[in-house]
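Raw model.csv, CSV, C-alpha atoms and all ligand atoms:
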chain,number,residue,atom,x,y,z
Z,95,MET,CA,-17.3,-1.0,4.1
Z,96,GLU,CA,-18.0,-3.1,7.2
Z,97,THR,CA,-16.4,-1.3,10.2
Z,98,GLY,CA,-14.1,-4.3,11.2
Z,99,ALA,CA,-12.7,-4.5,7.6
Z,100,HIS,CA,-12.3,-0.7,7.6
Z,101,ALA,CA,-10.3,-0.8,10.8
Z,102,ARG,CA,-8.1,-3.7,9.4
Z,103,GLN,CA,-7.3,-1.7,6.3
Z,104,LEU,CA,-6.7,1.6,8.2
Z,105,PHE,CA,-4.1,0.0,10.6
Z,106,ALA,CA,-2.3,-2.3,8.1
Z,107,PRO,CA,0.4,0.3,7.1
Z,108,LEU,CA,0.9,1.9,10.5
Z,109,GLY,CA,2.7,-0.7,12.6
Z,110,PRO,CA,6.4,0.3,12.5
Z,111,GLY,CA,5.9,4.0,13.2
Z,112,TYR,CA,2.7,3.8,15.2
Z,113,ASP,CA,3.9,4.7,18.7
Z,114,ARG,CA,6.1,7.6,17.6
Z,115,TYR,CA,3.5,9.1,15.3
Z,116,GLY,CA,0.6,8.3,17.7
Z,117,ALA,CA,2.4,10.3,20.4
Z,118,LEU,CA,2.9,13.2,17.9
Z,119,LEU,CA,-0.8,13.2,16.9
Z,120,SER,CA,-1.9,13.3,20.5
Z,121,PHE,CA,0.5,16.0,21.5
Z,122,GLY,CA,2.7,13.5,23.3
Z,123,GLN,CA,-0.2,12.7,25.8
Z,124,ASP,CA,-1.0,9.1,24.8
Z,125,PRO,CA,1.8,7.4,26.8
Z,126,ARG,CA,0.6,9.2,29.9
Z,127,TRP,CA,-3.0,8.1,29.1
Z,128,ARG,CA,-1.9,4.5,28.9
Z,129,ARG,CA,0.0,4.7,32.2
Z,130,PHE,CA,-3.1,6.0,33.9
Z,131,LEU,CA,-5.3,3.3,32.2
Z,132,VAL,CA,-2.9,0.6,33.6
Z,133,SER,CA,-2.8,2.2,37.0
Z,134,ARG,CA,-6.6,1.5,37.3
Z,135,VAL,CA,-6.1,-2.2,36.9
Z,136,THR,CA,-5.9,-4.5,39.9
Z,137,ALA,CA,-3.5,-7.3,38.9
Z,138,GLY,CA,-0.4,-9.0,40.3
Z,139,ARG,CA,2.3,-11.5,39.5
Z,140,ASP,CA,-0.1,-14.5,39.3
Z,141,ASP,CA,-2.7,-12.8,37.2
Z,142,THR,CA,-3.3,-12.9,33.4
Z,143,VAL,CA,-4.7,-9.8,31.8
Z,144,LEU,CA,-6.2,-9.7,28.3
Z,145,ASP,CA,-5.2,-6.5,26.4
Z,146,VAL,CA,-7.7,-6.1,23.6
Z,147,ALA,CA,-6.9,-4.0,20.5
Z,148,THR,CA,-3.3,-4.3,21.7
Z,149,GLY,CA,-1.9,-2.8,18.4
Z,150,THR,CA,1.9,-2.5,18.9
Z,151,ALA,CA,1.6,-3.8,22.5
Z,152,ALA,CA,2.2,-0.5,24.3
Z,153,VAL,CA,-0.4,-1.2,26.9
Z,154,ALA,CA,0.6,-4.9,27.2
Z,155,ILE,CA,4.2,-3.8,28.0
Z,156,GLU,CA,3.0,-1.2,30.5
Z,157,LEU,CA,0.9,-3.8,32.2
Z,158,VAL,CA,3.9,-6.1,32.8
Z,159,ARG,CA,6.0,-3.2,33.9
Z,160,GLN,CA,3.5,-1.8,36.4
Z,161,LYS,CA,1.8,-5.0,37.6
Z,162,ASP,CA,4.3,-7.8,36.9
Z,163,CYS,CA,1.4,-9.8,35.5
Z,164,THR,CA,1.2,-12.0,32.4
Z,165,VAL,CA,-0.6,-10.6,29.4
Z,166,VAL,CA,-2.4,-11.9,26.3
Z,167,GLY,CA,-2.4,-9.2,23.6
Z,168,LEU,CA,-5.3,-9.5,21.1
Z,169,ASP,CA,-5.6,-7.7,17.8
Z,170,GLN,CA,-7.2,-8.4,14.4
Z,171,SER,CA,-4.4,-6.7,12.5
Z,172,ALA,CA,-1.5,-9.1,11.5
Z,173,GLU,CA,0.6,-6.0,10.6
Z,174,MET,CA,0.2,-4.3,14.0
Z,175,LEU,CA,0.9,-7.7,15.7
Z,176,ALA,CA,4.1,-8.1,13.8
Z,177,GLU,CA,5.3,-4.8,15.2
Z,178,ALA,CA,4.0,-5.8,18.6
Z,179,ARG,CA,6.1,-9.0,18.4
Z,180,ARG,CA,9.3,-6.9,17.6
Z,181,ARG,CA,8.7,-4.5,20.5
Z,182,ILE,CA,8.0,-7.3,23.0
Z,183,ALA,CA,11.2,-9.0,22.0
Z,184,LEU,CA,13.1,-5.7,22.3
Z,185,ALA,CA,11.7,-5.2,25.8
Z,186,GLY,CA,12.7,-8.7,26.7
Z,187,LEU,CA,9.1,-9.7,27.6
Z,188,THR,CA,8.4,-12.6,25.3
Z,189,SER,CA,7.9,-14.9,28.2
Z,190,ARG,CA,5.3,-12.6,29.8
Z,191,ILE,CA,3.3,-11.4,26.7
Z,192,SER,CA,1.7,-13.7,24.1
Z,193,LEU,CA,-0.2,-12.4,21.1
Z,194,VAL,CA,-3.3,-13.7,19.3
Z,195,GLU,CA,-4.8,-12.5,16.0
Z,196,GLU,CA,-8.6,-12.4,16.7
Z,197,ASP,CA,-11.6,-10.2,16.5
Z,198,ALA,CA,-12.6,-8.4,19.8
Z,199,ARG,CA,-16.3,-8.9,18.9
Z,200,THR,CA,-16.1,-12.7,19.2
Z,201,LEU,CA,-13.4,-13.7,21.7
Z,202,PRO,CA,-12.1,-17.3,21.6
Z,203,PHE,CA,-12.0,-17.6,25.4
Z,204,ALA,CA,-14.2,-19.2,28.0
Z,205,ASP,CA,-16.4,-17.1,30.4
Z,206,GLY,CA,-14.3,-15.7,33.3
Z,207,HIS,CA,-11.0,-16.8,31.7
Z,208,PHE,CA,-9.0,-13.6,32.6
Z,209,ASP,CA,-8.2,-11.9,35.9
Z,210,ALA,CA,-8.6,-8.4,34.2
Z,211,LEU,CA,-9.0,-6.8,30.8
Z,212,THR,CA,-7.8,-3.6,29.1
Z,213,PHE,CA,-8.7,-2.1,25.7
Z,214,THR,CA,-7.7,1.0,23.8
Z,215,TYR,CA,-9.3,2.9,21.0
Z,216,LEU,CA,-11.6,0.0,20.2
Z,217,LEU,CA,-15.2,0.9,20.6
Z,218,ARG,CA,-15.2,3.5,17.8
Z,219,TYR,CA,-14.3,0.7,15.3
Z,220,VAL,CA,-17.2,-1.7,16.1
Z,221,ASP,CA,-20.8,-1.4,14.9
Z,222,ASP,CA,-22.3,-2.2,18.3
Z,223,PRO,CA,-20.2,-0.9,21.2
Z,224,ALA,CA,-22.7,-2.2,23.8
Z,225,ALA,CA,-22.5,-5.8,22.4
Z,226,THR,CA,-18.7,-5.6,22.2
Z,227,LEU,CA,-18.6,-4.5,25.9
Z,228,LYS,CA,-20.7,-7.5,26.8
Z,229,GLU,CA,-18.3,-9.8,25.0
Z,230,LEU,CA,-15.3,-8.2,26.7
Z,231,ALA,CA,-16.9,-8.5,30.1
Z,232,ARG,CA,-17.8,-12.1,29.5
Z,233,VAL,CA,-14.2,-13.3,29.5
Z,234,VAL,CA,-13.3,-11.6,32.8
Z,235,LYS,CA,-13.8,-13.3,36.2
Z,236,PRO,CA,-16.2,-11.7,38.7
Z,237,GLY,CA,-14.3,-9.1,40.7
Z,238,GLY,CA,-11.8,-8.4,37.9
Z,239,THR,CA,-11.1,-4.9,36.5
Z,240,ILE,CA,-12.1,-3.9,33.0
Z,241,ALA,CA,-10.5,-0.6,31.9
Z,242,GLY,CA,-10.6,1.2,28.5
Z,243,LEU,CA,-9.0,4.2,26.9
Z,244,GLU,CA,-10.5,6.3,24.1
Z,245,PHE,CA,-10.0,9.7,22.6
Z,246,GLY,CA,-12.4,12.3,24.0
Z,247,VAL,CA,-13.9,15.6,22.8
Z,248,PRO,CA,-12.9,18.6,25.1
Z,249,GLU,CA,-15.8,20.7,26.4
Z,250,GLY,CA,-16.0,24.5,27.0
Z,251,PRO,CA,-13.2,26.8,25.8
Z,252,TRP,CA,-11.0,23.9,24.6
Z,253,ARG,CA,-13.6,22.6,22.1
Z,254,GLY,CA,-12.7,25.3,19.5
Z,255,PRO,CA,-9.0,24.6,19.5
Z,256,TRP,CA,-9.7,20.8,19.4
Z,257,GLU,CA,-12.0,21.3,16.3
Z,258,LEU,CA,-9.2,23.3,14.7
Z,259,TRP,CA,-6.7,20.6,15.4
Z,260,VAL,CA,-8.8,17.7,14.1
Z,261,ARG,CA,-10.0,19.6,11.0
Z,262,LEU,CA,-6.7,21.1,10.0
Z,263,GLY,CA,-3.7,20.1,12.2
Z,264,LEU,CA,-4.2,16.3,12.2
Z,265,PRO,CA,-4.9,15.9,8.4
Z,266,GLY,CA,-2.0,18.2,7.7
Z,267,ALA,CA,0.4,16.4,10.0
Z,268,GLY,CA,-0.8,13.0,8.6
Z,269,ALA,CA,-0.1,14.2,5.1
Z,270,VAL,CA,3.4,15.3,6.0
Z,271,ILE,CA,4.1,11.9,7.7
Z,272,GLY,CA,2.6,10.0,4.8
Z,273,ASN,CA,2.6,6.2,4.7
Z,274,GLY,CA,-1.1,5.7,5.7
Z,275,TRP,CA,-1.2,8.5,8.2
Z,276,HIS,CA,-3.0,11.0,6.0
Z,277,GLU,CA,-6.1,8.7,6.0
Z,278,VAL,CA,-5.9,8.3,9.8
Z,279,GLY,CA,-5.4,12.1,10.3
Z,280,ALA,CA,-8.5,12.9,8.2
Z,281,PHE,CA,-10.5,10.0,9.7
Z,282,LEU,CA,-9.9,10.6,13.4
Z,283,GLY,CA,-11.7,13.9,14.1
Z,284,PRO,CA,-15.0,12.9,12.4
Z,285,SER,CA,-14.8,9.4,13.9
Z,286,ILE,CA,-14.3,10.7,17.5
Z,287,ARG,CA,-17.0,13.4,17.1
Z,288,ASP,CA,-19.5,10.9,15.6
Z,289,TYR,CA,-18.8,8.3,18.2
Z,290,TYR,CA,-19.7,10.7,21.1
Z,291,ARG,CA,-22.8,12.0,19.2
Z,292,ARG,CA,-24.1,8.4,19.2
Z,293,TRP,CA,-22.5,7.4,22.5
Z,294,PRO,CA,-22.3,10.4,24.9
Z,295,LEU,CA,-20.4,9.4,28.1
Z,296,PRO,CA,-23.6,8.9,30.3
Z,297,ARG,CA,-25.0,6.5,27.7
Z,298,LEU,CA,-21.6,4.7,27.5
Z,299,VAL,CA,-21.5,4.3,31.3
Z,300,GLU,CA,-25.0,2.8,31.1
Z,301,ALA,CA,-23.7,0.3,28.4
Z,302,TRP,CA,-20.8,-0.6,30.7
Z,303,ARG,CA,-23.3,-1.4,33.5
Z,304,ALA,CA,-25.6,-3.3,31.2
Z,305,ALA,CA,-22.5,-5.4,30.2
Z,306,GLY,CA,-22.3,-6.6,33.8
Z,307,ILE,CA,-19.7,-4.1,35.1
Z,308,ASP,CA,-20.1,-2.4,38.5
Z,309,ASP,CA,-18.6,0.7,40.1
Z,310,VAL,CA,-18.1,2.3,36.7
Z,311,GLN,CA,-15.9,5.5,36.8
Z,312,PHE,CA,-14.3,7.6,34.1
Z,313,ARG,CA,-11.7,10.3,34.1
Z,314,ARG,CA,-11.1,12.9,31.4
Z,315,LEU,CA,-7.4,13.5,30.8
Z,316,SER,CA,-5.5,16.3,29.1
Z,317,LEU,CA,-8.5,18.8,29.0
Z,318,GLY,CA,-10.8,16.0,27.8
Z,319,GLY,CA,-8.6,14.8,24.9
Z,320,GLY,CA,-8.5,11.3,26.4
Z,321,VAL,CA,-11.0,9.4,28.5
Z,322,VAL,CA,-10.2,6.4,30.7
Z,323,THR,CA,-13.2,4.4,31.9
Z,324,TRP,CA,-13.0,1.5,34.4
Z,325,GLY,CA,-15.1,-0.8,36.5
Z,326,THR,CA,-15.4,-4.2,38.2
Z,327,LYS,CA,-16.9,-7.3,36.6
Z,328,ARG,CA,-20.1,-8.2,38.5
O,401,LIG,C1,-5.4,3.0,17.6
O,401,LIG,S1,-4.9,1.3,17.7
O,401,LIG,C2,-4.6,1.1,19.4
O,401,LIG,C3,-3.4,0.3,19.7
O,401,LIG,C4,-2.8,0.3,21.1
O,401,LIG,N1,-3.7,-0.5,22.0
O,401,LIG,C5,-2.5,1.6,21.7
O,401,LIG,O1,-2.6,1.8,22.9
O,401,LIG,O2,-2.1,2.5,20.9
O,401,LIG,C6,-6.4,0.4,17.6
O,401,LIG,C7,-6.2,-1.1,17.4
O,401,LIG,O3,-7.5,-1.7,17.4
O,401,LIG,C8,-7.5,-2.8,16.5
O,401,LIG,N2,-8.9,-3.2,16.3
O,401,LIG,C9,-9.9,-2.4,15.7
O,401,LIG,N3,-11.0,-3.2,15.7
O,401,LIG,C10,-10.7,-4.4,16.2
O,401,LIG,C11,-11.5,-5.6,16.4
O,401,LIG,N4,-12.8,-5.7,16.1
O,401,LIG,N5,-10.8,-6.6,17.0
O,401,LIG,C12,-9.5,-6.6,17.3
O,401,LIG,N6,-8.8,-5.5,17.1
O,401,LIG,C13,-9.3,-4.4,16.6
O,401,LIG,C14,-6.7,-2.3,15.3
O,401,LIG,O4,-6.2,-3.3,14.5
O,401,LIG,C15,-5.6,-1.4,16.0
O,401,LIG,O5,-4.4,-2.2,16.2
For this file, produce the structure as structure tokens.
Amino acid sequence: METGAHARQLFAPLGPGYDRYGALLSFGQDPRWRRFLVSRVTAGRDDTVLDVATGTAAVAIELVRQKDCTVVGLDQSAEMLAEARRRIALAGLTSRISLVEEDARTLPFADGHFDALTFTYLLRYVDDPAATLKELARVVKPGGTIAGLEFGVPEGPWRGPWELWVRLGLPGAGAVIGNGWHEVGAFLGPSIRDYYRRWPLPRLVEAWRAAGIDDVQFRRLSLGGGVVTWGTKR
């Protein structure tokens, strides 16, 4: 199956319980990762940030809370966006966050349209991460921040426990939760491992630079289970 279609199918049933179960499957670390991601972004009250692969809008909401900016949340999944809409309303942020159903690989925005851009767990779902990075960078104005969050693979002594967790723990937890999570639980470990085999961090940093992003930095969080990368549009 084409990767975009696979991602659409994978996320369709997850919307309503996504944040609760997502936190469970990352040992409660992913809200902390999102807070750190947003802390890397330079934006203020007059700025508009594009949050790509916004899912249930957790990063979009965090952006408004930390930066007081306006956010456009973009995702290709109607089901995830329906849940995002509910959460944004609950948070009282409908005037600050708008949502669009679009594909991150072909953004419907002019060059330099946004003051900054965030994305989460996106590049594993596209066939050509380098081309998608270029497309993301295209819509950010020069000097704007681009920041992304992805799962990581711990190195050294934590690699063994990580392998155990993604081979047994995650699929098991997914099976208990049900409702689409078994497939995600079984899919995540191989997807993350395969992604870093093809795109080790030094190669990824090169792809960020080739996309027109300077001062690229990354930080491994929670023993390497999460990786935040950020830089400035040239
Ligand atoms: C794991 S969720 C992340 C959601 C949220 N940003 C978060 O912090 O948890 C990944 C999201 O990426 C979206 N996605 C995957 N490929 C995409 C693409 N090509 N264009 C737009 N969204 C995409 C999925 O629909 C899903 O909502």
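You can rank Z:Gln160, Z:Glu195, Z:Thr136, Z:Ala183 by their closest distance to ligand LIG 401 (chain O) using all atoms listed in the file, and at the top of that list sits Z:Glu195.
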(message) Under the rule that only C-alpha atoms and all ligand atoms are counted, which of Z:Arg232, Z:Arg190, Z:Arg313, Z:Arg218 is the nearest residue to ligand LIG 401 (chain O)?
(response)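 Using only C-alpha atoms and all ligand atoms, ligand LIG 401 (chain O) sits closest to Z:Arg218.
With all atoms listed in the file as the basis for measurement, Z:Glu257 is the residue among Z:Gly266, Z:Glu257, Z:Trp302, Z:Glu229 that approaches Pro284 of chain Z most closely.
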(message) Taking only C-alpha atoms and all ligand atoms into account, which residues have an atom no farther than 7 Å from ligand LIG 401 (chain O)? I'd like them as a PyMOL selection string.
(response) chain Z and resi 98+101-102+105+113+128+146-153+168-171+174+196-199+213-216+219-220
(request) Pick out the closest residue to Val278 of chain Z from this set: Z:Leu104, Z:Arg159, Z:Trp324, Z:Gly237. Count only C-alpha atoms. (result) Z:Leu104
(message) Residues within 7 Å of (-20.1, -6.4, 28.8), file coordinates, counting only C-alpha atoms: what are they? Give the list as a PyMOL selection string.
(response) chain Z and resi 225-232+302+304-307
Residues of the last selection are to be written out with C-alpha atoms, as a tab-separated table (two decimals), in the frame of the given file.
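Writing done, so here's out_0.tsv:
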chain	number	residue	atom	x	y	z
Z	225	ALA	CA	-22.50	-5.80	22.40
Z	226	THR	CA	-18.70	-5.60	22.20
Z	227	LEU	CA	-18.60	-4.50	25.90
Z	228	LYS	CA	-20.70	-7.50	26.80
Z	229	GLU	CA	-18.30	-9.80	25.00
Z	230	LEU	CA	-15.30	-8.20	26.70
Z	231	ALA	CA	-16.90	-8.50	30.10
Z	232	ARG	CA	-17.80	-12.10	29.50
Z	302	TRP	CA	-20.80	-0.60	30.70
Z	304	ALA	CA	-25.60	-3.30	31.20
Z	305	ALA	CA	-22.50	-5.40	30.20
Z	306	GLY	CA	-22.30	-6.60	33.80
Z	307	ILE	CA	-19.70	-4.10	35.10
(request) For each of Z:Leu258, Z:Ile240, Z:Ala99, Z:Asp205, take the minimum atom-to-atom distance to Val310 of chain Z, counting all atoms listed in the file, then give the residue where this is smallest. (result) Z:Ile240
(request) Kindly indicate which residue among Z:Glu300, Z:Leu175, Z:Thr323, Z:Tyr289 lies nearest to Ser133 of chain Z, using only C-alpha atoms for the distances. (result)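 Selected residue with least distance to Ser133 of chain Z: Z:Thr323.
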(request) Work out how far apart atom CA of Thr326 of chain Z and atom CA of Pro236 of chain Z are and give it in Å to one decimal. (result) 7.6 Å
Final all heavy atoms of segment 270-281 of chain Z as an mmCIF file, in the frame of the given file:
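Dumped to part_7.cif:
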data_model
loop_
_atom_site.group_PDB
_atom_site.id
_atom_site.type_symbol
_atom_site.label_atom_id
_atom_site.label_comp_id
_atom_site.auth_asym_id
_atom_site.auth_seq_id
_atom_site.Cartn_x
_atom_site.Cartn_y
_atom_site.Cartn_z
ATOM 1 N N VAL Z 270 1.981 15.092 5.968
ATOM 2 C CA VAL Z 270 3.400 15.300 6.000
ATOM 3 C C VAL Z 270 4.116 13.933 6.338
ATOM 4 O O VAL Z 270 5.109 13.539 5.727
ATOM 5 C CB VAL Z 270 3.834 16.356 7.036
ATOM 6 C CG1 VAL Z 270 5.341 16.390 7.238
ATOM 7 C CG2 VAL Z 270 3.320 17.723 6.580
ATOM 8 N N ILE Z 271 3.555 13.223 7.300
ATOM 9 C CA ILE Z 271 4.100 11.900 7.700
ATOM 10 C C ILE Z 271 4.010 10.911 6.588
ATOM 11 O O ILE Z 271 4.915 10.126 6.325
ATOM 12 C CB ILE Z 271 3.447 11.410 9.000
ATOM 13 C CG1 ILE Z 271 3.747 12.337 10.175
ATOM 14 C CG2 ILE Z 271 3.890 9.994 9.321
ATOM 15 C CD1 ILE Z 271 2.844 12.107 11.382
ATOM 16 N N GLY Z 272 2.865 10.904 5.889
ATOM 17 C CA GLY Z 272 2.600 10.000 4.800
ATOM 18 C C GLY Z 272 2.412 8.552 5.260
ATOM 19 O O GLY Z 272 2.045 8.329 6.420
ATOM 20 N N ASN Z 273 2.628 7.582 4.380
ATOM 21 C CA ASN Z 273 2.600 6.200 4.700
ATOM 22 C C ASN Z 273 1.327 5.752 5.515
ATOM 23 O O ASN Z 273 1.397 5.085 6.539
ATOM 24 C CB ASN Z 273 3.836 5.824 5.561
ATOM 25 C CG ASN Z 273 4.093 4.317 5.569
ATOM 26 O OD1 ASN Z 273 3.697 3.633 4.631
ATOM 27 N ND2 ASN Z 273 4.714 3.814 6.614
ATOM 28 N N GLY Z 274 0.147 6.161 5.025
ATOM 29 C CA GLY Z 274 -1.100 5.700 5.700
ATOM 30 C C GLY Z 274 -1.626 6.707 6.697
ATOM 31 O O GLY Z 274 -2.779 6.608 7.113
ATOM 32 N N TRP Z 275 -0.791 7.665 7.134
ATOM 33 C CA TRP Z 275 -1.200 8.500 8.200
ATOM 34 C C TRP Z 275 -2.151 9.649 7.754
ATOM 35 O O TRP Z 275 -2.869 10.226 8.562
ATOM 36 C CB TRP Z 275 -0.010 9.150 8.939
ATOM 37 C CG TRP Z 275 0.545 8.160 9.888
ATOM 38 C CD1 TRP Z 275 1.580 7.303 9.664
ATOM 39 C CD2 TRP Z 275 0.030 7.858 11.188
ATOM 40 N NE1 TRP Z 275 1.744 6.495 10.754
ATOM 41 C CE2 TRP Z 275 0.817 6.817 11.707
ATOM 42 C CE3 TRP Z 275 -1.008 8.370 11.959
ATOM 43 C CZ2 TRP Z 275 0.593 6.277 12.959
ATOM 44 C CZ3 TRP Z 275 -1.223 7.831 13.208
ATOM 45 C CH2 TRP Z 275 -0.428 6.797 13.692
ATOM 46 N N HIS Z 276 -2.123 9.960 6.449
ATOM 47 C CA HIS Z 276 -3.000 11.000 6.000
ATOM 48 C C HIS Z 276 -4.479 10.536 6.189
ATOM 49 O O HIS Z 276 -5.320 11.278 6.693
ATOM 50 C CB HIS Z 276 -2.791 11.328 4.511
ATOM 51 C CG HIS Z 276 -3.720 12.383 4.002
ATOM 52 N ND1 HIS Z 276 -3.815 13.626 4.598
ATOM 53 C CD2 HIS Z 276 -4.618 12.383 2.993
ATOM 54 C CE1 HIS Z 276 -4.731 14.342 3.975
ATOM 55 N NE2 HIS Z 276 -5.241 13.609 3.000
ATOM 56 N N GLU Z 277 -4.739 9.272 5.837
ATOM 57 C CA GLU Z 277 -6.100 8.700 6.000
ATOM 58 C C GLU Z 277 -6.516 8.741 7.456
ATOM 59 O O GLU Z 277 -7.624 9.133 7.813
ATOM 60 C CB GLU Z 277 -6.213 7.335 5.397
ATOM 61 C CG GLU Z 277 -7.656 7.003 5.058
ATOM 62 C CD GLU Z 277 -7.921 5.519 4.903
ATOM 63 O OE1 GLU Z 277 -7.018 4.796 4.472
ATOM 64 O OE2 GLU Z 277 -9.045 5.095 5.237
ATOM 65 N N VAL Z 278 -5.569 8.344 8.321
ATOM 66 C CA VAL Z 278 -5.900 8.300 9.800
ATOM 67 C C VAL Z 278 -6.127 9.741 10.257
ATOM 68 O O VAL Z 278 -7.083 10.001 10.999
ATOM 69 C CB VAL Z 278 -4.735 7.677 10.563
ATOM 70 C CG1 VAL Z 278 -5.033 7.718 12.053
ATOM 71 C CG2 VAL Z 278 -4.543 6.240 10.130
ATOM 72 N N GLY Z 279 -5.265 10.671 9.850
ATOM 73 C CA GLY Z 279 -5.400 12.100 10.300
ATOM 74 C C GLY Z 279 -6.730 12.655 9.907
ATOM 75 O O GLY Z 279 -7.361 13.387 10.695
ATOM 76 N N ALA Z 280 -7.197 12.348 8.697
ATOM 77 C CA ALA Z 280 -8.500 12.900 8.200
ATOM 78 C C ALA Z 280 -9.652 12.158 8.835
ATOM 79 O O ALA Z 280 -10.736 12.709 9.005
ATOM 80 C CB ALA Z 280 -8.519 12.802 6.686
ATOM 81 N N PHE Z 281 -9.434 10.909 9.201
ATOM 82 C CA PHE Z 281 -10.500 10.000 9.700
ATOM 83 C C PHE Z 281 -10.813 10.288 11.177
ATOM 84 O O PHE Z 281 -11.971 10.229 11.614
ATOM 85 C CB PHE Z 281 -10.082 8.589 9.451
ATOM 86 C CG PHE Z 281 -10.796 7.565 10.265
ATOM 87 C CD1 PHE Z 281 -12.014 7.046 9.832
ATOM 88 C CD2 PHE Z 281 -10.257 7.094 11.455
ATOM 89 C CE1 PHE Z 281 -12.679 6.089 10.589
ATOM 90 C CE2 PHE Z 281 -10.909 6.147 12.207
ATOM 91 C CZ PHE Z 281 -12.126 5.640 11.778
#
